[in-house]
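Working notes for the structure below.
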Amino acid sequence: VRLRADGPVPAPGFLVANHLSYLDILVLAALAPCVFVAKREVRGWPLFGWFARMAGTVFVDRQRRTDAGRAVAAIRALAGQGVTVVLFPEGTSSDGRVVLPFKSALLEPLTGEPACAVAHLRYALMDGDPADEVCYWRDMTLFPHLVNLLAKEVVAAELRSGQAPTRGLERKELAGALRECVAALGEGEQRLRTFP
């Protein structure tokens, strides 16, 4: 993976980003030590689940609404210890064409903070379509997708980051505002149109 990062490296606190692939975790972890929040199912994934557990990932059972409270408390505790916590508020991964609406349930710890880091990820390939061969979404199956991805010589990754104000916004307002910030980082002349 050839990573190009523009903007401040996430500091301890919160980092909110769009979500395209399991590769996002490696890209973000290459920039700064961090802990991720993931759906409970990731815990059981071959190899990735083990890595996620060893890295201290906060797992959320999305089938149980009451589990969000436990996850929020864990997120708040980690941030209080000076850990960078990465949130993917889209709640799923996509092909990257648009930033999906943000879910607000896990954004509660950010409401008392003055600002948080935001980031927009995108990928490019010399020999293929990143929407199908890097992004992991729809009904894709992990093992065949991973084997195909590992066969690629190089994946170009671009991360653009910045800061977004959070104070004074309740969760739902915050979800909309942060989504706009992340989407804006991926617009305009900065788009990764070709392989670098």
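Simple scheme: letters A, B, ... for chains in structure tokens order, numbers from 1 for residues in each chain, numbers from 1 for ligands in the order shown.
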
Report as CSV the residues of region 18-66 of chain A within 10 Å of region 95-112 of chain A, each with its shortest atom pair and distance in Å (one decimal), using only C-alpha atoms, ordered by chain and increasing residue number.
residue,atom,partner,partner_atom,distance
A:Asn18,CA,A:Val99,CA,6.3
A:His19,CA,A:Gly96,CA,7.8
A:Leu20,CA,A:Gly96,CA,6.1
A:Ser21,CA,A:Asp95,CA,8.7
A:Val37,CA,A:Leu106,CA,9.2
A:Val60,CA,A:Leu106,CA,9.5
A:Arg65,CA,A:Ala105,CA,9.2

Save the residues we just selected, all heavy atoms, as a short mmCIF file (atom, residue, chain, number, x, y, z; two decimals), in the first residue's frame?
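Output saved as selection-v7.cif:
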data_model
loop_
_atom_site.label_atom_id
_atom_site.label_comp_id
_atom_site.auth_asym_id
_atom_site.auth_seq_id
_atom_site.Cartn_x
_atom_site.Cartn_y
_atom_site.Cartn_z
N ASN A 18 -14.80 8.03 6.74
CA ASN A 18 -15.63 7.17 5.89
C ASN A 18 -15.02 5.77 5.92
O ASN A 18 -13.88 5.57 6.34
CB ASN A 18 -15.72 7.72 4.47
CG ASN A 18 -14.37 7.76 3.76
OD1 ASN A 18 -13.35 8.11 4.35
ND2 ASN A 18 -14.37 7.45 2.49
N HIS A 19 -15.80 4.77 5.49
CA HIS A 19 -15.36 3.38 5.62
C HIS A 19 -15.55 2.66 4.30
O HIS A 19 -16.65 2.60 3.77
CB HIS A 19 -16.18 2.71 6.72
CG HIS A 19 -15.65 1.38 7.16
ND1 HIS A 19 -14.35 0.98 7.00
CD2 HIS A 19 -16.29 0.35 7.76
CE1 HIS A 19 -14.20 -0.23 7.50
NE2 HIS A 19 -15.36 -0.65 7.95
N LEU A 20 -14.44 2.13 3.76
CA LEU A 20 -14.47 1.48 2.46
C LEU A 20 -14.10 0.00 2.52
O LEU A 20 -14.59 -0.78 1.71
CB LEU A 20 -13.51 2.19 1.50
CG LEU A 20 -13.72 3.70 1.34
CD1 LEU A 20 -12.63 4.29 0.46
CD2 LEU A 20 -15.09 3.98 0.79
N SER A 21 -13.20 -0.36 3.44
CA SER A 21 -12.62 -1.70 3.39
C SER A 21 -11.97 -2.05 4.72
O SER A 21 -11.68 -1.17 5.53
CB SER A 21 -11.55 -1.72 2.28
OG SER A 21 -10.82 -2.91 2.26
N VAL A 37 -13.57 1.00 16.54
CA VAL A 37 -14.89 0.54 16.96
C VAL A 37 -15.44 -0.25 15.78
O VAL A 37 -15.42 0.24 14.65
CB VAL A 37 -15.81 1.72 17.31
CG1 VAL A 37 -17.20 1.22 17.70
CG2 VAL A 37 -15.20 2.55 18.43
N VAL A 60 -19.33 -3.72 18.95
CA VAL A 60 -20.69 -3.29 19.22
C VAL A 60 -21.66 -4.30 18.62
O VAL A 60 -21.57 -4.63 17.44
CB VAL A 60 -20.97 -1.90 18.60
CG1 VAL A 60 -22.38 -1.44 18.93
CG2 VAL A 60 -19.95 -0.89 19.07
N ARG A 65 -29.88 -2.85 20.99
CA ARG A 65 -29.80 -1.39 21.12
C ARG A 65 -29.14 -0.97 22.42
O ARG A 65 -28.48 0.06 22.49
CB ARG A 65 -31.20 -0.78 21.02
CG ARG A 65 -31.85 -1.04 19.68
CD ARG A 65 -33.13 -0.31 19.56
NE ARG A 65 -32.84 0.89 18.76
CZ ARG A 65 -33.66 1.88 18.59
NH1 ARG A 65 -34.83 1.89 19.17
NH2 ARG A 65 -33.33 2.91 17.85
#

Using DSSP assignments from the backbone, pull out every residue in chain A that falls under strand (DSSP E or B) and give it to me as a ChimeraX atom specification. /A:2-6,13-17,35-39,58-60,84-87,115-125,155-165

Name all residues at most 10 Å from Tyr22 (chain A) (count only C-alpha atoms; drop same-chain ones fewer than 5 positions away) and give them as a ChimeraX atom specification. /A:27,42,48,93,134-137,142,146

Writing out the chosen residues with N, CA, C and O atoms as a CSV table (one decimal), in the first residue's frame:
chain,number,residue,atom,x,y,z
A,27,VAL,N,-4.4,1.3,7.1
A,27,VAL,CA,-4.0,2.6,6.6
A,27,VAL,C,-4.0,3.6,7.8
A,27,VAL,O,-3.1,4.3,8.0
A,42,VAL,N,-17.1,-8.8,13.4
A,42,VAL,CA,-15.7,-8.8,13.1
A,42,VAL,C,-14.9,-9.6,14.1
A,42,VAL,O,-13.9,-10.2,13.7
A,48,PHE,N,-8.5,-11.5,10.9
A,48,PHE,CA,-8.8,-10.1,11.2
A,48,PHE,C,-9.4,-10.0,12.6
A,48,PHE,O,-9.2,-9.0,13.3
A,93,SER,N,-19.5,-0.4,5.2
A,93,SER,CA,-18.5,0.1,4.2
A,93,SER,C,-19.2,0.2,2.9
A,93,SER,O,-20.4,-0.3,2.7
A,134,VAL,N,-10.9,-3.3,-3.9
A,134,VAL,CA,-10.3,-2.8,-2.6
A,134,VAL,C,-11.5,-2.6,-1.6
A,134,VAL,O,-11.4,-3.1,-0.5
A,135,CYS,N,-12.5,-1.9,-2.0
A,135,CYS,CA,-13.6,-1.7,-1.2
A,135,CYS,C,-14.3,-3.1,-0.9
A,135,CYS,O,-14.4,-3.9,-1.8
A,136,TYR,N,-14.7,-3.2,0.4
A,136,TYR,CA,-15.4,-4.5,0.8
A,136,TYR,C,-16.8,-4.1,1.2
A,136,TYR,O,-17.0,-3.6,2.3
A,137,TRP,N,-17.7,-4.4,0.4
A,137,TRP,CA,-19.1,-4.0,0.6
A,137,TRP,C,-20.1,-4.9,-0.1
A,137,TRP,O,-19.7,-6.0,-0.6
A,142,LEU,N,-15.3,-12.6,2.2
A,142,LEU,CA,-14.0,-12.1,2.7
A,142,LEU,C,-12.8,-12.8,2.0
A,142,LEU,O,-12.0,-12.2,1.5
A,146,LEU,N,-10.0,-11.0,-0.3
A,146,LEU,CA,-8.7,-10.9,0.3
A,146,LEU,C,-7.6,-11.5,-0.7
A,146,LEU,O,-6.6,-10.8,-0.9

Taking only residues of region 90-154 of chain A that have an atom at most 9 Å from an atom of region 163-168 of chain A, what is each one's shortest atom pair and its distance in Å to one decimal, using only C-alpha atoms, in chain and number order, as a tab-separated table?
residue	atom	partner	partner_atom	distance
A:Leu110	CA	A:Thr166	CA	6.5
A:Thr111	CA	A:Arg167	CA	5.7
A:Gly112	CA	A:Arg167	CA	5.8
A:Glu113	CA	A:Arg167	CA	5.6
A:Pro114	CA	A:Arg167	CA	4.8
A:Ala115	CA	A:Pro165	CA	4.2
A:Cys116	CA	A:Ala164	CA	5.5
A:Ala117	CA	A:Gln163	CA	4.5
A:Val118	CA	A:Gln163	CA	5.7
A:Ala119	CA	A:Gln163	CA	8.6

Now that the selection is made, can you save its residues with C-alpha atoms as a short mmCIF file (atom, residue, chain, number, x, y, z; two decimals), in the first residue's frame?
data_model
loop_
_atom_site.label_atom_id
_atom_site.label_comp_id
_atom_site.auth_asym_id
_atom_site.auth_seq_id
_atom_site.Cartn_x
_atom_site.Cartn_y
_atom_site.Cartn_z
CA LEU A 110 -17.83 13.69 21.02
CA THR A 111 -20.60 16.08 22.08
CA GLY A 112 -18.57 17.45 25.00
CA GLU A 113 -15.35 17.83 23.01
CA PRO A 114 -14.34 21.11 21.33
CA ALA A 115 -13.29 19.34 18.10
CA CYS A 116 -12.38 16.00 16.60
CA ALA A 117 -10.25 14.81 13.71
CA VAL A 118 -12.03 13.89 10.49
CA ALA A 119 -10.63 11.96 7.54
#

Just give me the gap between CA of Leu159 (chain A) and CA of Met140 (chain A) in Å, one decimal is fine. 23.9 Å

CA of Leu121 (chain A) to CA of Gly186 (chain A): how many Å, to one decimal?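 That distance, rounded to one decimal, is 7.7 Å.
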
Distance of CA of Glu153 (chain A) from CA of Thr92 (chain A), expressed in Å to one decimal place: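 Atom-to-atom, CA of Thr92 (chain A) and CA of Glu153 (chain A) are spaced 26.7 Å apart.
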
Using DSSP on the backbone coordinates, identify the residues of region 37-171 of chain A assigned to helix (DSSP H, G or I); present them as a ChimeraX atom specification. /A:40-44,48-54,67-80,105-110,130-133,142-150,171

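Ranking A:Gly162, A:Phe143, A:Ala17, A:Met126 by their shortest atom-to-atom distance to Pro46 (chain A), with only C-alpha atoms included, puts A:Phe143 first.
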